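Engineer: My questions all concern the structure below.
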Amino acid sequence: MISVEQLKVEFGVKPLFSGACFVINDRDRIALVGKNGAGKSTLLKILCGKQKPTEGVVAVPNDTTIGYLPQVMILQDDTTVKDEARKAFANVNEMQRRVDDLNRQLAERTDYESEDYARLVETFTSEHERLLMMGAENCEAELERTLSGLGFTREDMVRPTSEFSGGWRMRIELAKILLQKPDVLLLDEPTNHLDIESIQWLEQFLSTQAKAVVLVSHDRAFINNVTNRTLEISCGKVIDYRVKYDEYVKLRQERREQQLRAYENQQKEIADIKDFVERFRYKPTKAVQVQSRLKQLEKIVPIEIDEVDNSALHLKFPPCLRSGDYPVICDEVRKDYGQHTVFDHVNLTIKRGEKVAFVGRNGEGKSTLVKCIMGEIPFTGGLKVGHNVQIGYFAQNQAQLLDESLSVFETIDNVARGEIRLKINDILGAFMFGGEASEKKVRVLSGGERSRLAMIRLLLEPVNLLILDEPTNHLDMPSKDVLKEAIRAFDGTAIIVSHDREFLDGLVSKVYEFGGGKVREHIGGIYDFLREHQIENLDALGGKSLAAVTQAQSSPKTAQQHNSNAADIPVTDSKMSYQERKEMQKKISKAEKTVKESERKIESMEKRLKELDDILCHPENASDMTIITEYTSTKKALDEEVERWEEAEMQLDELKATMG
């Protein structure tokens, strides 16, 4: 249906790719793969006509319809979900109006024997048949089925689109594109804003109902389940593999190994010919053989070896200061939006150094609780962020918040402070923004490149609590692996909101399940959590398991049993005698004095550590063992004092609770 010939795209001096030739046929399911910035999104824009190539031709038949879902789009907020989705049937509605008008004319006419009336009947019949072929009678049912498959409830369908987050509105746009039933679907990261359940519905839809599909996705399971062909953009070339992604990985490795063997054999042959020519070049008796070998050498076509792009995203979180033992403690936290309760009776304690996952269907409150921890939205209940906690927050829309008018270098230069500004080029190079790439404007970056740029901003300051909300969106598979290793090696605490079970596997030691207005703690990794629910995928979240959670946590008493705080708060005794209250008041005063003294010591040691850190930043002091020894001993003393402060404050809280 779409034919591509000798396509070339240039940004600056070096082309993204050149000489691309392929054909998209009916029922093709194509995965477009390559590293972030290779040109995947650019190629999709060229295929749908939104961008012109530098050279080459894209031939699309006049009757071929194309549906394109970009990574980022401008969304409308002036209607309900259902009315917005109905816009997909604009052609059907126009045809329905024509048929209704023809039907009205037939009812008004009385010249039944005239040729004009006969032509009108023929036109009505033809148009009515076309309307039936377009499936006009099933439009509403199909609309509801599609919205439901993408996660919308019946109540959601009549709500204004302005009440939904950007991710949910992207689902509406995806529904509109699917309902139009185009001949070719071009989907750029369609799973980024979907939960596991919606992803599996989309897999089924694309496999059974779509015509031709070209998609970009970093979800390995998704592209394996949907596609039957792989187009790779690598090192300036577009290579066509007519197999699924997993098979493509094997074939690419086999192809390169064959090329290497053939290249080695050819090099040996060339070396032998050159050796013969050098040995007998000046012997008259061998002149004929030498000329023959020289001609043979000229006819050899050099074997090219596919380049392997080994550049990788290297993440290293800087060393962080020690936080308190419990960076986050939630006690009966509740969040309401009007009459809607997002969650209540949330009791959880996250210990220093833990890596935990927030999982659940979209809209169940994962990002909402993160915003409560960040202090961005109001809530009820007790939520305590521990002592000396420094938060690094990566939001879902972080990449979209970048200033598009700035260059990559300017974006980082504007937030860098102190000596780190001298290392900006080194940092950008480590994130594949070296050389000319650092001068690119943010507006021309791909979604993956923007995510990497936003991640650099997060890494500029040392933090000891990472909160990452869907951090793998727009990251390619190698980059996800590197990010996973960096988080695993991070010596602070991490809260990860993600639906990517492969990313979470081996990374988290605790899972918090959101659903039914409750948050439930599960000790163990993500696959321990799945086994506990006796399911293979996270698509069961929101079903029977959440009903059980709701029932189990329906009373405050049960909620208290799930509270993982280290110490139980004693019950208040309002019948204490005067003498007992006097003794208790003395204990409280002593505990308060201990807490204040500990805080004074902590403040003094932190100040000294900062002074020593500034001294060690100078090259002449970097090897001064006296300063280094003092720095080490002061930091150890600070950690011990922080622990004493936490114990004293916990004891003070218990005494005050007992005192009432």
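Letters A, B, ... mark the chains of the structure tokens in the order given; residue numbers begin at 1 per chain; ligand numbers begin at 1, in order shown.
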Give me the residues near Phe379 (chain A) as a list in words, where near means some atom within 10 Å (using only C-alpha atoms) and where sequence neighbours in that chain fewer than 5 positions away do not count.
Structural biologist: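 Everything that qualifies: Val333, Arg334, Lys335, Asp336, Tyr337, Asp344, Thr368, Leu369, Lys371, Cys372 and Ile373 of chain A.
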Engineer: Generate the output file for the selected residues, N, CA and C atoms, as a PDB file, in the first residue's frame.
Structural biologist:
ATOM      1  N   VAL A 333      -3.605   7.950  55.873  1.00  0.00           N
ATOM      2  CA  VAL A 333      -3.670   8.988  54.835  1.00  0.00           C
ATOM      3  C   VAL A 333      -4.908   8.761  53.967  1.00  0.00           C
ATOM      4  N   ARG A 334      -5.579   9.852  53.635  1.00  0.00           N
ATOM      5  CA  ARG A 334      -6.786   9.789  52.808  1.00  0.00           C
ATOM      6  C   ARG A 334      -6.763  10.957  51.819  1.00  0.00           C
ATOM      7  N   LYS A 335      -7.237  10.684  50.606  1.00  0.00           N
ATOM      8  CA  LYS A 335      -7.310  11.729  49.588  1.00  0.00           C
ATOM      9  C   LYS A 335      -8.656  11.672  48.874  1.00  0.00           C
ATOM     10  N   ASP A 336      -9.350  12.800  48.860  1.00  0.00           N
ATOM     11  CA  ASP A 336     -10.632  12.909  48.173  1.00  0.00           C
ATOM     12  C   ASP A 336     -10.554  13.994  47.105  1.00  0.00           C
ATOM     13  N   TYR A 337     -11.249  13.749  45.999  1.00  0.00           N
ATOM     14  CA  TYR A 337     -11.496  14.788  45.001  1.00  0.00           C
ATOM     15  C   TYR A 337     -13.009  14.969  44.944  1.00  0.00           C
ATOM     16  N   ASP A 344      -8.107   5.670  51.112  1.00  0.00           N
ATOM     17  CA  ASP A 344      -8.151   6.031  52.521  1.00  0.00           C
ATOM     18  C   ASP A 344      -7.506   4.920  53.348  1.00  0.00           C
ATOM     19  N   THR A 368      -1.105   9.997  42.634  1.00  0.00           N
ATOM     20  CA  THR A 368      -1.699  10.884  43.635  1.00  0.00           C
ATOM     21  C   THR A 368      -0.957  10.778  44.963  1.00  0.00           C
ATOM     22  N   LEU A 369      -0.650   9.536  45.401  1.00  0.00           N
ATOM     23  CA  LEU A 369       0.092   9.375  46.652  1.00  0.00           C
ATOM     24  C   LEU A 369       1.497   9.964  46.523  1.00  0.00           C
ATOM     25  N   LYS A 371       2.256  12.565  44.771  1.00  0.00           N
ATOM     26  CA  LYS A 371       2.094  14.010  44.912  1.00  0.00           C
ATOM     27  C   LYS A 371       1.854  14.403  46.371  1.00  0.00           C
ATOM     28  N   CYS A 372       1.201  13.519  47.127  1.00  0.00           N
ATOM     29  CA  CYS A 372       1.021  13.772  48.563  1.00  0.00           C
ATOM     30  C   CYS A 372       2.381  13.762  49.265  1.00  0.00           C
ATOM     31  N   ILE A 373       3.223  12.785  48.933  1.00  0.00           N
ATOM     32  CA  ILE A 373       4.560  12.703  49.528  1.00  0.00           C
ATOM     33  C   ILE A 373       5.378  13.942  49.177  1.00  0.00           C
TER      34      ILE A 373
END
Engineer: Mind checking which residues fall within 12 Å of Gln258 (chain A), counting only C-alpha atoms, ignoring those fewer than 5 positions away in the same chain, and posting them as number ranges by chain?
Structural biologist: A: 251-253, 263-265, 303-306
Engineer: Next, write the just-selected residues to a file, as a short mmCIF file (atom, residue, chain, number, x, y, z; two decimals), in the first residue's frame, keeping N, CA, C and O atoms as the atom set.
Structural biologist:
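The resulting file, selection.cif, is reproduced below:
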data_model
loop_
_atom_site.label_atom_id
_atom_site.label_comp_id
_atom_site.auth_asym_id
_atom_site.auth_seq_id
_atom_site.Cartn_x
_atom_site.Cartn_y
_atom_site.Cartn_z
N LEU A 251 18.64 -13.17 14.21
CA LEU A 251 19.07 -13.06 12.81
C LEU A 251 20.11 -11.96 12.63
O LEU A 251 21.06 -12.11 11.85
N ARG A 252 19.93 -10.85 13.35
CA ARG A 252 20.90 -9.76 13.24
C ARG A 252 22.28 -10.22 13.71
O ARG A 252 23.30 -9.92 13.08
N GLN A 253 22.30 -10.99 14.81
CA GLN A 253 23.58 -11.50 15.32
C GLN A 253 24.19 -12.50 14.34
O GLN A 253 25.40 -12.46 14.06
N TYR A 263 34.18 -11.45 5.57
CA TYR A 263 35.13 -10.35 5.52
C TYR A 263 36.55 -10.84 5.80
O TYR A 263 37.52 -10.46 5.11
N GLU A 264 36.69 -11.70 6.81
CA GLU A 264 38.01 -12.24 7.15
C GLU A 264 38.59 -13.06 6.00
O GLU A 264 39.79 -12.97 5.68
N ASN A 265 37.72 -13.88 5.35
CA ASN A 265 38.19 -14.69 4.21
C ASN A 265 38.61 -13.79 3.04
O ASN A 265 39.62 -14.05 2.37
N ILE A 303 33.46 -6.49 1.11
CA ILE A 303 32.32 -6.91 1.94
C ILE A 303 32.16 -5.93 3.10
O ILE A 303 33.11 -5.65 3.83
N GLU A 304 30.93 -5.40 3.22
CA GLU A 304 30.65 -4.46 4.31
C GLU A 304 30.08 -5.21 5.51
O GLU A 304 29.28 -6.14 5.36
N ILE A 305 30.47 -4.78 6.68
CA ILE A 305 29.96 -5.37 7.92
C ILE A 305 29.01 -4.37 8.55
O ILE A 305 29.33 -3.19 8.68
N ASP A 306 27.80 -4.85 8.92
CA ASP A 306 26.85 -3.98 9.59
C ASP A 306 27.48 -3.40 10.86
O ASP A 306 28.02 -4.14 11.68
#
Engineer: Using DSSP on the backbone coordinates, identify all residues within region 153-258 of chain A classified as strand (DSSP E); present the result as a VMD selection string.
Structural biologist: chain A and resid 184 to 188 212 to 216 229 to 234 237 to 241
Engineer: If we count only C-alpha atoms, what is near Arg443 (chain A) at a cut-off of 9 Å, once residues fewer than 6 positions away on the same chain are taken out, given as a list in words?
Structural biologist: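 That gives Asp403, Glu404, Ser405, Leu406 and Ser407 of chain A.
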Engineer: Suppose we keep C-alpha atoms; can you now write the selection as an mmCIF file, in the first residue's frame?
Structural biologist:
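The resulting file, result.cif, is shown below:
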data_model
loop_
_atom_site.group_PDB
_atom_site.id
_atom_site.type_symbol
_atom_site.label_atom_id
_atom_site.label_comp_id
_atom_site.auth_asym_id
_atom_site.auth_seq_id
_atom_site.Cartn_x
_atom_site.Cartn_y
_atom_site.Cartn_z
ATOM 1 C CA ASP A 403 11.545 24.642 27.395
ATOM 2 C CA GLU A 404 11.424 23.869 23.654
ATOM 3 C CA SER A 405 13.166 27.113 22.697
ATOM 4 C CA LEU A 406 16.393 26.131 24.497
ATOM 5 C CA SER A 407 19.177 23.885 23.215
#
Engineer: Can you tell me which residues surround region 641-649 of chain A at a distance of at most 12 Å, considering only C-alpha atoms, apart from same-chain residues fewer than 5 positions away, and format the answer as a ChimeraX atom specification?
Structural biologist: /A:321-327,352,386-389,566-567,587-606,634-636,654-656
Engineer: Just the number, please: distance in Å from CA of Ala90 (chain A) to CA of Leu47 (chain A), one decimal.
Structural biologist: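 Answer for the CA of Ala90 (chain A) to CA of Leu47 (chain A) separation: 23.2 Å.
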Engineer: With only C-alpha atoms as the counted atoms, please give the residues lying no more than 9 Å from Glu439 (chain A), apart from itself and same-chain residues fewer than 4 positions off, as a list in words.
Structural biologist: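 Those residues are Ser407, Val408, Phe409, Glu410, Phe433 and Gly435 of chain A.
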Engineer: Store the residues of this selection in a file with N, CA, C and O atoms, as a PDB file, in the first residue's frame.
Structural biologist:
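Below is the file that was written, selection.pdb:
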ATOM      1  N   SER A 407      18.404  25.013  23.737  1.00  0.00           N
ATOM      2  CA  SER A 407      19.177  23.885  23.215  1.00  0.00           C
ATOM      3  C   SER A 407      19.393  22.885  24.343  1.00  0.00           C
ATOM      4  O   SER A 407      19.102  23.163  25.517  1.00  0.00           O
ATOM      5  N   VAL A 408      19.910  21.712  23.989  1.00  0.00           N
ATOM      6  CA  VAL A 408      20.212  20.689  24.994  1.00  0.00           C
ATOM      7  C   VAL A 408      21.197  21.237  26.021  1.00  0.00           C
ATOM      8  O   VAL A 408      21.003  21.101  27.238  1.00  0.00           O
ATOM      9  N   PHE A 409      22.261  21.883  25.536  1.00  0.00           N
ATOM     10  CA  PHE A 409      23.283  22.423  26.440  1.00  0.00           C
ATOM     11  C   PHE A 409      22.690  23.497  27.352  1.00  0.00           C
ATOM     12  O   PHE A 409      22.940  23.501  28.557  1.00  0.00           O
ATOM     13  N   GLU A 410      21.890  24.401  26.782  1.00  0.00           N
ATOM     14  CA  GLU A 410      21.308  25.484  27.574  1.00  0.00           C
ATOM     15  C   GLU A 410      20.374  24.949  28.648  1.00  0.00           C
ATOM     16  O   GLU A 410      20.307  25.483  29.763  1.00  0.00           O
ATOM     17  N   PHE A 433      24.478  12.813  24.006  1.00  0.00           N
ATOM     18  CA  PHE A 433      24.257  14.158  23.484  1.00  0.00           C
ATOM     19  C   PHE A 433      25.593  14.833  23.181  1.00  0.00           C
ATOM     20  O   PHE A 433      25.733  16.049  23.325  1.00  0.00           O
ATOM     21  N   GLY A 435      28.984  16.187  21.049  1.00  0.00           N
ATOM     22  CA  GLY A 435      29.217  16.882  19.783  1.00  0.00           C
ATOM     23  C   GLY A 435      28.078  17.810  19.400  1.00  0.00           C
ATOM     24  O   GLY A 435      27.560  18.575  20.216  1.00  0.00           O
TER      25      GLY A 435
END
Engineer: Would you mind telling me which residue in A:Trp201, A:Asp111, A:His128, A:Asn224 lies nearest to Thr146 (chain A) when using only C-alpha atoms?
Structural biologist: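 Result for the nearest residue to Thr146 (chain A): A:Trp201.
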Engineer: Choose the residue, out of A:Ala357, A:Ala395, A:Ala454, A:Cys330, that has the smallest atom-to-atom separation from Ala494 (chain A); count only C-alpha atoms.
Structural biologist: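 Looking at the shortest contact to Ala494 (chain A), the residue is A:Ala357.
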Engineer: Suppose you want the space between CA of Val226 (chain A) and CA of Asp28 (chain A); what is it in Å?
Structural biologist: 10.2 Å
Engineer: Can you tell me, as a PyMOL selection string, which residues in region 151-254 of chain A count as alpha helix (DSSP H) by DSSP?
Structural biologist: chain A and resi 154-157+166-179+196-208+220-226+245-254
Engineer: Do you know which residues are at most 6 Å from Leu16 (chain A) counting only C-alpha atoms, after dropping those on the same chain fewer than 3 positions away, and could you put them as an MDAnalysis selection string?
Structural biologist: chainID A and resid 9:10 236
Engineer: Might you pull out every residue within 9 Å of Lys211 (chain A), with only C-alpha atoms counted and same-chain residues fewer than 2 positions away left off, and present them as a VMD selection string?
Structural biologist: chain A and resid 26 to 29 181 to 185 206 to 209 213
Engineer: Determine the nearest neighbour of Tyr512 (chain A) from the options A:Asn347, A:Asn473, A:Gln259, A:Thr380, counting only C-alpha atoms.
Structural biologist: A:Asn347
Engineer: So the first atom is CA of Glu332 (chain A) and the second is CA of Thr493 (chain A); what is the distance between them in Å, to one decimal place?
Structural biologist: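 Computing the Euclidean distance for CA of Glu332 (chain A) and CA of Thr493 (chain A) yields 22.0 Å.
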